[in-house]
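A.B. asks: Before I ask anything, here is the structure I am working with.
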Amino acid sequence: MTAALTAEGLHTYYGKSHILQGVSLAVAEGRITALLGRNGAGKTTTLRSLMGLTPARQGKITIFGEDTTRWPTFRIAAQGVGYVPEGRRIFANLSVEENLKVPLERGGPWTIERIFKLFPRLEERKLNRGRQLSGGEQEMLSIARALLINPRLLILDEPSQGLAPLVVREVFRIIQQMKAEGISILLVEQNARMSLEIADDAYVLDDGMIVYSGGAQELAADEARVRSLAGASAEEWTLA
Ligand SMILES: Nc1ncnc2c1ncn2[C@@H]1O[C@H](COP(=O)(O)OP(=O)(O)O)[C@@H](O)[C@H]1O
Ligand SMILES: [Mg+2]
């Protein structure tokens, strides 16, 4: 297995609160890796540490063979890492088109024209301001922006949060399409059932520690385990 990303023994703090307590994980190249866990488990903190937004105090991060542990965020992005943050940080006052012009340019197949082909809805709305978009459109815009850096690795933090079921399907379909394009994916989700359906590998985080690491299918087959490990996401499971 070639790794797009590996993290070894990450310890991350907010002030004196010791949040990540030795998190290790790997994202294999060309695969979808799901990172699950109940609310407050440390999923967002893990992604923020990987992106250099809340750097780990201890541990080592390697992305496409480079030791990025102490790199600033912009340099990590320039290495080909697209990040879709929790809550879709789009610019509410900028138009769709202006939002798409914000990311740094990294050569590759993704251009605004190609984005509009993938998301026709965004083209229709290109002159509308961010704040006028529905939750689903905002999520698409947030993903589109990450694609424009032509990522080799795409990191998504709860892309399905707050979206209607049909829109969630659409978002998951796009994530699968990105995998088909050869992009490696690290997907943080509360929706355990749907993410395990599309993931190859899975981790479960609890109280800042990895409590499961293995195949997504193996985990999906063990409903009781998903329910006990993934907390809130298990509710989605029983509803299915
Ligand atoms: N900026 C912050 N300052 C202090 N504590 C935080 C901050 N952000 C998150 N936390 C705490 O860190 C823990 C992990 O949070 P988070 O990584 O957001 O979890 P998740 O994304 O799995 O829901 C929680 O206990 C949360 O309250
Ligand atoms: Mg979170």
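Convention: chains lettered A, B, ... in structure tokens order; per-chain residue numbering from 1; ligands numbered from 1 as shown.
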Check which residues of chain A sit at most 9 Å from ligand 2 using only C-alpha atoms and all ligand atoms, and return one row each with the closest pair of atoms and their distance in Å to one decimal, ordered by chain and rising number, as JSON lines.
C.D. replies:
{"residue": "A:Asn39", "atom": "CA", "partner": "ligand 2", "partner_atom_place_in_ligand_line": "1 (Mg)", "distance": 6.8}
{"residue": "A:Gly40", "atom": "CA", "partner": "ligand 2", "partner_atom_place_in_ligand_line": "1 (Mg)", "distance": 6.8}
{"residue": "A:Ala41", "atom": "CA", "partner": "ligand 2", "partner_atom_place_in_ligand_line": "1 (Mg)", "distance": 8.1}
{"residue": "A:Gly42", "atom": "CA", "partner": "ligand 2", "partner_atom_place_in_ligand_line": "1 (Mg)", "distance": 6.9}
{"residue": "A:Lys43", "atom": "CA", "partner": "ligand 2", "partner_atom_place_in_ligand_line": "1 (Mg)", "distance": 5.4}
{"residue": "A:Thr44", "atom": "CA", "partner": "ligand 2", "partner_atom_place_in_ligand_line": "1 (Mg)", "distance": 4.1}
{"residue": "A:Thr45", "atom": "CA", "partner": "ligand 2", "partner_atom_place_in_ligand_line": "1 (Mg)", "distance": 7.3}
{"residue": "A:Leu47", "atom": "CA", "partner": "ligand 2", "partner_atom_place_in_ligand_line": "1 (Mg)", "distance": 8.9}
{"residue": "A:Glu86", "atom": "CA", "partner": "ligand 2", "partner_atom_place_in_ligand_line": "1 (Mg)", "distance": 6.4}
{"residue": "A:Asp157", "atom": "CA", "partner": "ligand 2", "partner_atom_place_in_ligand_line": "1 (Mg)", "distance": 6.7}
{"residue": "A:Glu158", "atom": "CA", "partner": "ligand 2", "partner_atom_place_in_ligand_line": "1 (Mg)", "distance": 7.0}
{"residue": "A:Val188", "atom": "CA", "partner": "ligand 2", "partner_atom_place_in_ligand_line": "1 (Mg)", "distance": 8.0}
{"residue": "A:Glu189", "atom": "CA", "partner": "ligand 2", "partner_atom_place_in_ligand_line": "1 (Mg)", "distance": 8.4}
{"residue": "A:Gln190", "atom": "CA", "partner": "ligand 2", "partner_atom_place_in_ligand_line": "1 (Mg)", "distance": 8.7}
A.B. asks: Go ahead and write the residues just picked, N, CA and C atoms, as an mmCIF file, in the first residue's frame.
C.D. replies:
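The resulting again.cif:
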data_model
loop_
_atom_site.group_PDB
_atom_site.id
_atom_site.type_symbol
_atom_site.label_atom_id
_atom_site.label_comp_id
_atom_site.auth_asym_id
_atom_site.auth_seq_id
_atom_site.Cartn_x
_atom_site.Cartn_y
_atom_site.Cartn_z
ATOM 1 N N ASN A 39 -19.981 12.558 18.505
ATOM 2 C CA ASN A 39 -19.769 13.984 18.646
ATOM 3 C C ASN A 39 -18.758 14.254 19.757
ATOM 4 N N GLY A 40 -17.773 15.082 19.476
ATOM 5 C CA GLY A 40 -16.790 15.425 20.506
ATOM 6 C C GLY A 40 -15.639 14.429 20.606
ATOM 7 N N ALA A 41 -15.605 13.436 19.730
ATOM 8 C CA ALA A 41 -14.561 12.394 19.789
ATOM 9 C C ALA A 41 -13.176 12.931 19.418
ATOM 10 N N GLY A 42 -13.161 14.018 18.615
ATOM 11 C CA GLY A 42 -11.872 14.590 18.201
ATOM 12 C C GLY A 42 -11.644 14.505 16.692
ATOM 13 N N LYS A 43 -12.694 14.265 15.933
ATOM 14 C CA LYS A 43 -12.551 14.111 14.474
ATOM 15 C C LYS A 43 -12.087 15.414 13.819
ATOM 16 N N THR A 44 -12.791 16.503 14.129
ATOM 17 C CA THR A 44 -12.413 17.793 13.539
ATOM 18 C C THR A 44 -11.003 18.189 13.987
ATOM 19 N N THR A 45 -10.697 17.952 15.242
ATOM 20 C CA THR A 45 -9.363 18.287 15.753
ATOM 21 C C THR A 45 -8.289 17.494 14.996
ATOM 22 N N LEU A 47 -8.483 16.455 11.857
ATOM 23 C CA LEU A 47 -8.317 17.068 10.534
ATOM 24 C C LEU A 47 -7.567 18.397 10.646
ATOM 25 N N GLU A 86 -15.715 21.686 8.283
ATOM 26 C CA GLU A 86 -17.029 21.513 8.884
ATOM 27 C C GLU A 86 -17.789 22.824 8.751
ATOM 28 N N ASP A 157 -14.878 17.223 6.113
ATOM 29 C CA ASP A 157 -15.374 17.160 7.493
ATOM 30 C C ASP A 157 -16.901 17.250 7.512
ATOM 31 N N GLU A 158 -17.547 16.107 7.709
ATOM 32 C CA GLU A 158 -19.009 15.999 7.796
ATOM 33 C C GLU A 158 -19.754 16.710 6.672
ATOM 34 N N VAL A 188 -14.580 12.390 7.103
ATOM 35 C CA VAL A 188 -15.101 12.391 8.468
ATOM 36 C C VAL A 188 -16.609 12.477 8.397
ATOM 37 N N GLU A 189 -17.293 11.587 9.080
ATOM 38 C CA GLU A 189 -18.755 11.573 9.020
ATOM 39 C C GLU A 189 -19.397 11.139 10.329
ATOM 40 N N GLN A 190 -20.611 11.634 10.547
ATOM 41 C CA GLN A 190 -21.475 11.137 11.612
ATOM 42 C C GLN A 190 -22.342 10.019 11.030
#
A.B. asks: Enumerate, as a PyMOL selection string, the complete set of residues in stretch 28-240 of chain A that a backbone-based DSSP assignment places in strand (DSSP E or B).
C.D. replies: chain A and resi 28+32-36+58-63+66-67+81-84+95+129+153-157+184-188+201-206+209-215
A.B. asks: May I ask you to write as JSON, numbers by chain all residues lying at most 12 Å from ligand 1, with only C-alpha atoms and all ligand atoms counted?
C.D. replies: {"A": [12, 13, 14, 15, 16, 17, 18, 19, 20, 21, 35, 36, 37, 38, 39, 40, 41, 42, 43, 44, 45, 46, 47, 48, 49, 53, 54, 85, 86, 87, 156, 157, 158, 161, 187, 188, 189, 190, 204, 205, 206, 207, 208, 209, 210, 230, 231, 232, 233]}
A.B. asks: Each residue of stretch 1-120 of chain A lying at most 9 Å from stretch 140-153 of chain A should get a row with its shortest atom-to-atom pair and the distance in Å to one decimal, counting only C-alpha atoms; could you produce that, ordered by chain and increasing number, as JSON lines?
C.D. replies:
{"residue": "A:Ala4", "atom": "CA", "partner": "A:Leu153", "partner_atom": "CA", "distance": 7.0}
{"residue": "A:Leu5", "atom": "CA", "partner": "A:Leu153", "partner_atom": "CA", "distance": 8.3}
{"residue": "A:Val27", "atom": "CA", "partner": "A:Leu153", "partner_atom": "CA", "distance": 8.9}
{"residue": "A:Glu29", "atom": "CA", "partner": "A:Leu153", "partner_atom": "CA", "distance": 8.3}
{"residue": "A:Gly30", "atom": "CA", "partner": "A:Leu153", "partner_atom": "CA", "distance": 8.7}
{"residue": "A:Ile63", "atom": "CA", "partner": "A:Leu153", "partner_atom": "CA", "distance": 8.9}
{"residue": "A:Phe64", "atom": "CA", "partner": "A:Arg152", "partner_atom": "CA", "distance": 8.9}
{"residue": "A:Ala77", "atom": "CA", "partner": "A:Ile149", "partner_atom": "CA", "distance": 7.7}
{"residue": "A:Ala78", "atom": "CA", "partner": "A:Ile149", "partner_atom": "CA", "distance": 7.7}
{"residue": "A:Gln79", "atom": "CA", "partner": "A:Pro151", "partner_atom": "CA", "distance": 8.2}
{"residue": "A:Gly80", "atom": "CA", "partner": "A:Pro151", "partner_atom": "CA", "distance": 4.3}
{"residue": "A:Val81", "atom": "CA", "partner": "A:Leu153", "partner_atom": "CA", "distance": 4.9}
{"residue": "A:Gly82", "atom": "CA", "partner": "A:Ala146", "partner_atom": "CA", "distance": 4.6}
{"residue": "A:Tyr83", "atom": "CA", "partner": "A:Ala146", "partner_atom": "CA", "distance": 5.9}
{"residue": "A:Val84", "atom": "CA", "partner": "A:Ile143", "partner_atom": "CA", "distance": 6.0}
{"residue": "A:Pro85", "atom": "CA", "partner": "A:Ser142", "partner_atom": "CA", "distance": 8.1}
{"residue": "A:Arg88", "atom": "CA", "partner": "A:Ser142", "partner_atom": "CA", "distance": 5.7}
{"residue": "A:Arg89", "atom": "CA", "partner": "A:Ser142", "partner_atom": "CA", "distance": 7.1}
{"residue": "A:Ile90", "atom": "CA", "partner": "A:Ser142", "partner_atom": "CA", "distance": 6.3}
{"residue": "A:Val96", "atom": "CA", "partner": "A:Leu141", "partner_atom": "CA", "distance": 7.3}
{"residue": "A:Asn99", "atom": "CA", "partner": "A:Arg145", "partner_atom": "CA", "distance": 7.4}
{"residue": "A:Leu100", "atom": "CA", "partner": "A:Arg145", "partner_atom": "CA", "distance": 5.5}
{"residue": "A:Lys101", "atom": "CA", "partner": "A:Arg145", "partner_atom": "CA", "distance": 8.2}
{"residue": "A:Val102", "atom": "CA", "partner": "A:Arg145", "partner_atom": "CA", "distance": 7.9}
{"residue": "A:Pro103", "atom": "CA", "partner": "A:Arg145", "partner_atom": "CA", "distance": 6.5}
{"residue": "A:Leu104", "atom": "CA", "partner": "A:Ile149", "partner_atom": "CA", "distance": 6.3}
{"residue": "A:Glu105", "atom": "CA", "partner": "A:Ile149", "partner_atom": "CA", "distance": 5.8}
{"residue": "A:Arg106", "atom": "CA", "partner": "A:Ile149", "partner_atom": "CA", "distance": 5.1}
{"residue": "A:Gly107", "atom": "CA", "partner": "A:Asn150", "partner_atom": "CA", "distance": 6.8}
{"residue": "A:Gly108", "atom": "CA", "partner": "A:Asn150", "partner_atom": "CA", "distance": 5.6}
{"residue": "A:Pro109", "atom": "CA", "partner": "A:Asn150", "partner_atom": "CA", "distance": 6.9}
{"residue": "A:Trp110", "atom": "CA", "partner": "A:Leu148", "partner_atom": "CA", "distance": 5.5}
{"residue": "A:Thr111", "atom": "CA", "partner": "A:Leu148", "partner_atom": "CA", "distance": 6.2}
{"residue": "A:Ile112", "atom": "CA", "partner": "A:Leu148", "partner_atom": "CA", "distance": 7.3}
{"residue": "A:Ile115", "atom": "CA", "partner": "A:Ala144", "partner_atom": "CA", "distance": 6.4}
{"residue": "A:Phe116", "atom": "CA", "partner": "A:Ala144", "partner_atom": "CA", "distance": 8.9}
{"residue": "A:Leu118", "atom": "CA", "partner": "A:Ala144", "partner_atom": "CA", "distance": 8.9}
{"residue": "A:Phe119", "atom": "CA", "partner": "A:Met140", "partner_atom": "CA", "distance": 7.3}
A.B. asks: Write a file of the just-selected residues containing C-alpha atoms, as an mmCIF file, in the first residue's frame.
C.D. replies:
data_model
loop_
_atom_site.group_PDB
_atom_site.id
_atom_site.type_symbol
_atom_site.label_atom_id
_atom_site.label_comp_id
_atom_site.auth_asym_id
_atom_site.auth_seq_id
_atom_site.Cartn_x
_atom_site.Cartn_y
_atom_site.Cartn_z
ATOM 1 C CA ALA A 4 -1.205 9.418 0.600
ATOM 2 C CA LEU A 5 -1.046 10.414 4.238
ATOM 3 C CA VAL A 27 -4.955 7.113 4.048
ATOM 4 C CA GLU A 29 -3.566 6.221 -2.207
ATOM 5 C CA GLY A 30 -6.646 6.011 -4.411
ATOM 6 C CA ILE A 63 1.803 13.579 3.100
ATOM 7 C CA PHE A 64 2.868 12.088 -0.244
ATOM 8 C CA ALA A 77 -2.661 22.858 0.505
ATOM 9 C CA ALA A 78 -0.054 23.603 -2.157
ATOM 10 C CA GLN A 79 1.153 20.011 -1.817
ATOM 11 C CA GLY A 80 -2.252 19.020 -3.223
ATOM 12 C CA VAL A 81 -4.482 18.690 -0.185
ATOM 13 C CA GLY A 82 -8.053 19.947 -0.566
ATOM 14 C CA TYR A 83 -9.887 20.616 2.698
ATOM 15 C CA VAL A 84 -13.659 20.962 3.016
ATOM 16 C CA PRO A 85 -14.125 22.241 6.569
ATOM 17 C CA ARG A 88 -18.730 24.956 4.822
ATOM 18 C CA ARG A 89 -16.761 28.147 5.274
ATOM 19 C CA ILE A 90 -17.840 29.823 2.075
ATOM 20 C CA VAL A 96 -20.561 31.756 -6.341
ATOM 21 C CA ASN A 99 -15.964 32.140 -4.186
ATOM 22 C CA LEU A 100 -14.527 29.863 -6.872
ATOM 23 C CA LYS A 101 -11.802 32.373 -7.714
ATOM 24 C CA VAL A 102 -10.468 32.453 -4.144
ATOM 25 C CA PRO A 103 -8.415 29.191 -4.012
ATOM 26 C CA LEU A 104 -4.768 29.179 -4.922
ATOM 27 C CA GLU A 105 -4.135 27.959 -8.449
ATOM 28 C CA ARG A 106 -2.555 24.594 -8.868
ATOM 29 C CA GLY A 107 -2.433 23.277 -12.405
ATOM 30 C CA GLY A 108 -4.487 20.215 -13.278
ATOM 31 C CA PRO A 109 -7.747 19.003 -14.762
ATOM 32 C CA TRP A 110 -10.069 21.019 -12.519
ATOM 33 C CA THR A 111 -11.081 24.396 -13.871
ATOM 34 C CA ILE A 112 -14.134 26.542 -13.182
ATOM 35 C CA ILE A 115 -16.671 22.492 -12.017
ATOM 36 C CA PHE A 116 -19.761 23.962 -13.668
ATOM 37 C CA LEU A 118 -20.027 18.667 -12.516
ATOM 38 C CA PHE A 119 -22.304 21.051 -10.590
#
A.B. asks: Could you check the closest approach to A:Ala28 for each of A:Gln177, A:Ser184, A:Ser228, A:Asn191 and tell me which residue wins, using only C-alpha atoms?
C.D. replies: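 Counting only C-alpha atoms, the residue closest to A:Ala28 is A:Ser184.
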A.B. asks: For stretch 124-130 of chain A, please output as a list of chain:residue names all residues within 8 Å (counting only C-alpha atoms; exclusion window: fewer than 4 positions along the same chain).
C.D. replies: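 Contacts, in chain order: A:Ile90, A:Phe91, A:Ala92, A:Asn93, A:Leu94, A:Ser95, A:Val96, A:Glu97, A:Asn99, A:Pro120, A:Gln138.
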A.B. asks: With a distance cut-off of 10 Å and only C-alpha atoms, select the neighbouring residues of A:Arg75, excluding the residue or stretch itself and same-chain residues fewer than 6 positions from it, and output the selection as a count of residues only.
C.D. replies: 4
A.B. asks: Figure out the distance between atom CA of A:Glu139 and atom CA of A:Leu186, please, to one decimal in Å.
C.D. replies: 16.3 Å
A.B. asks: What is the atom CA of A:Pro72 to atom CA of A:Ile174 distance in Å?
C.D. replies: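 One can read the atom CA of A:Pro72 to atom CA of A:Ile174 distance as 28.5 Å.
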A.B. asks: Please extract the residues of stretch 49-142 of chain A with a backbone DSSP assignment of helix (DSSP H, G or I) and present them as an MDAnalysis selection string.
C.D. replies: chainID A and resid 49:50 73:78 96:100 112:118 120:124 130:132 135:142
A.B. asks: Those residues you just picked out, can you put them in a file as a PDB file, in the first residue's frame with C-alpha atoms?
C.D. replies:
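Saved the output as result.pdb:
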ATOM      1  CA  SER A  49      -3.960  18.897  13.040  1.00  0.00           C
ATOM      2  CA  LEU A  50      -3.383  17.229   9.650  1.00  0.00           C
ATOM      3  CA  THR A  73      -1.561  25.275   6.143  1.00  0.00           C
ATOM      4  CA  PHE A  74      -1.003  27.052   2.811  1.00  0.00           C
ATOM      5  CA  ARG A  75       2.029  24.889   2.110  1.00  0.00           C
ATOM      6  CA  ILE A  76       0.083  21.712   2.894  1.00  0.00           C
ATOM      7  CA  ALA A  77      -2.661  22.858   0.505  1.00  0.00           C
ATOM      8  CA  ALA A  78      -0.054  23.603  -2.157  1.00  0.00           C
ATOM      9  CA  VAL A  96     -20.561  31.756  -6.341  1.00  0.00           C
ATOM     10  CA  GLU A  97     -18.161  32.731  -9.107  1.00  0.00           C
ATOM     11  CA  GLU A  98     -16.079  34.922  -6.791  1.00  0.00           C
ATOM     12  CA  ASN A  99     -15.964  32.140  -4.186  1.00  0.00           C
ATOM     13  CA  LEU A 100     -14.527  29.863  -6.872  1.00  0.00           C
ATOM     14  CA  ILE A 112     -14.134  26.542 -13.182  1.00  0.00           C
ATOM     15  CA  GLU A 113     -15.629  25.339 -16.510  1.00  0.00           C
ATOM     16  CA  ARG A 114     -15.247  21.718 -15.477  1.00  0.00           C
ATOM     17  CA  ILE A 115     -16.671  22.492 -12.017  1.00  0.00           C
ATOM     18  CA  PHE A 116     -19.761  23.962 -13.668  1.00  0.00           C
ATOM     19  CA  LYS A 117     -20.189  20.753 -15.685  1.00  0.00           C
ATOM     20  CA  LEU A 118     -20.027  18.667 -12.516  1.00  0.00           C
ATOM     21  CA  PRO A 120     -24.714  22.605 -13.128  1.00  0.00           C
ATOM     22  CA  ARG A 121     -26.620  24.095 -10.208  1.00  0.00           C
ATOM     23  CA  LEU A 122     -23.596  26.223  -9.298  1.00  0.00           C
ATOM     24  CA  GLU A 123     -23.421  27.594 -12.823  1.00  0.00           C
ATOM     25  CA  GLU A 124     -27.083  28.573 -12.673  1.00  0.00           C
ATOM     26  CA  GLY A 130     -22.980  32.619  -0.895  1.00  0.00           C
ATOM     27  CA  ARG A 131     -25.620  33.435   1.654  1.00  0.00           C
ATOM     28  CA  GLN A 132     -28.423  33.006  -0.885  1.00  0.00           C
ATOM     29  CA  GLY A 135     -27.292  24.104   2.462  1.00  0.00           C
ATOM     30  CA  GLY A 136     -26.756  21.609  -0.348  1.00  0.00           C
ATOM     31  CA  GLU A 137     -25.552  24.268  -2.775  1.00  0.00           C
ATOM     32  CA  GLN A 138     -23.181  25.635  -0.143  1.00  0.00           C
ATOM     33  CA  GLU A 139     -21.736  22.160   0.370  1.00  0.00           C
ATOM     34  CA  MET A 140     -21.260  21.764  -3.402  1.00  0.00           C
ATOM     35  CA  LEU A 141     -19.530  25.155  -3.506  1.00  0.00           C
ATOM     36  CA  SER A 142     -17.278  24.170  -0.634  1.00  0.00           C
TER      37      SER A 142
END
A.B. asks: Between atom CA of A:Ala216 and atom CA of A:Thr2, measure the distance and give it in Å to one decimal.
C.D. replies: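 It comes out at 18.1 Å.
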A.B. asks: Using only C-alpha atoms, pick whichever of A:Val226, A:Lys179, A:Tyr212, A:Val167 has the shortest atom-to-atom distance to A:Arg193.
C.D. replies: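 Looking at the shortest contact to A:Arg193, the residue is A:Val226.
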A.B. asks: Just checking: using only C-alpha atoms, which residue out of A:Ala26, A:Ala7, A:Ala220, A:Val211 ends up closest to A:Ser195?
C.D. replies: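 Checking each candidate against A:Ser195, we get A:Ala220 as the closest.
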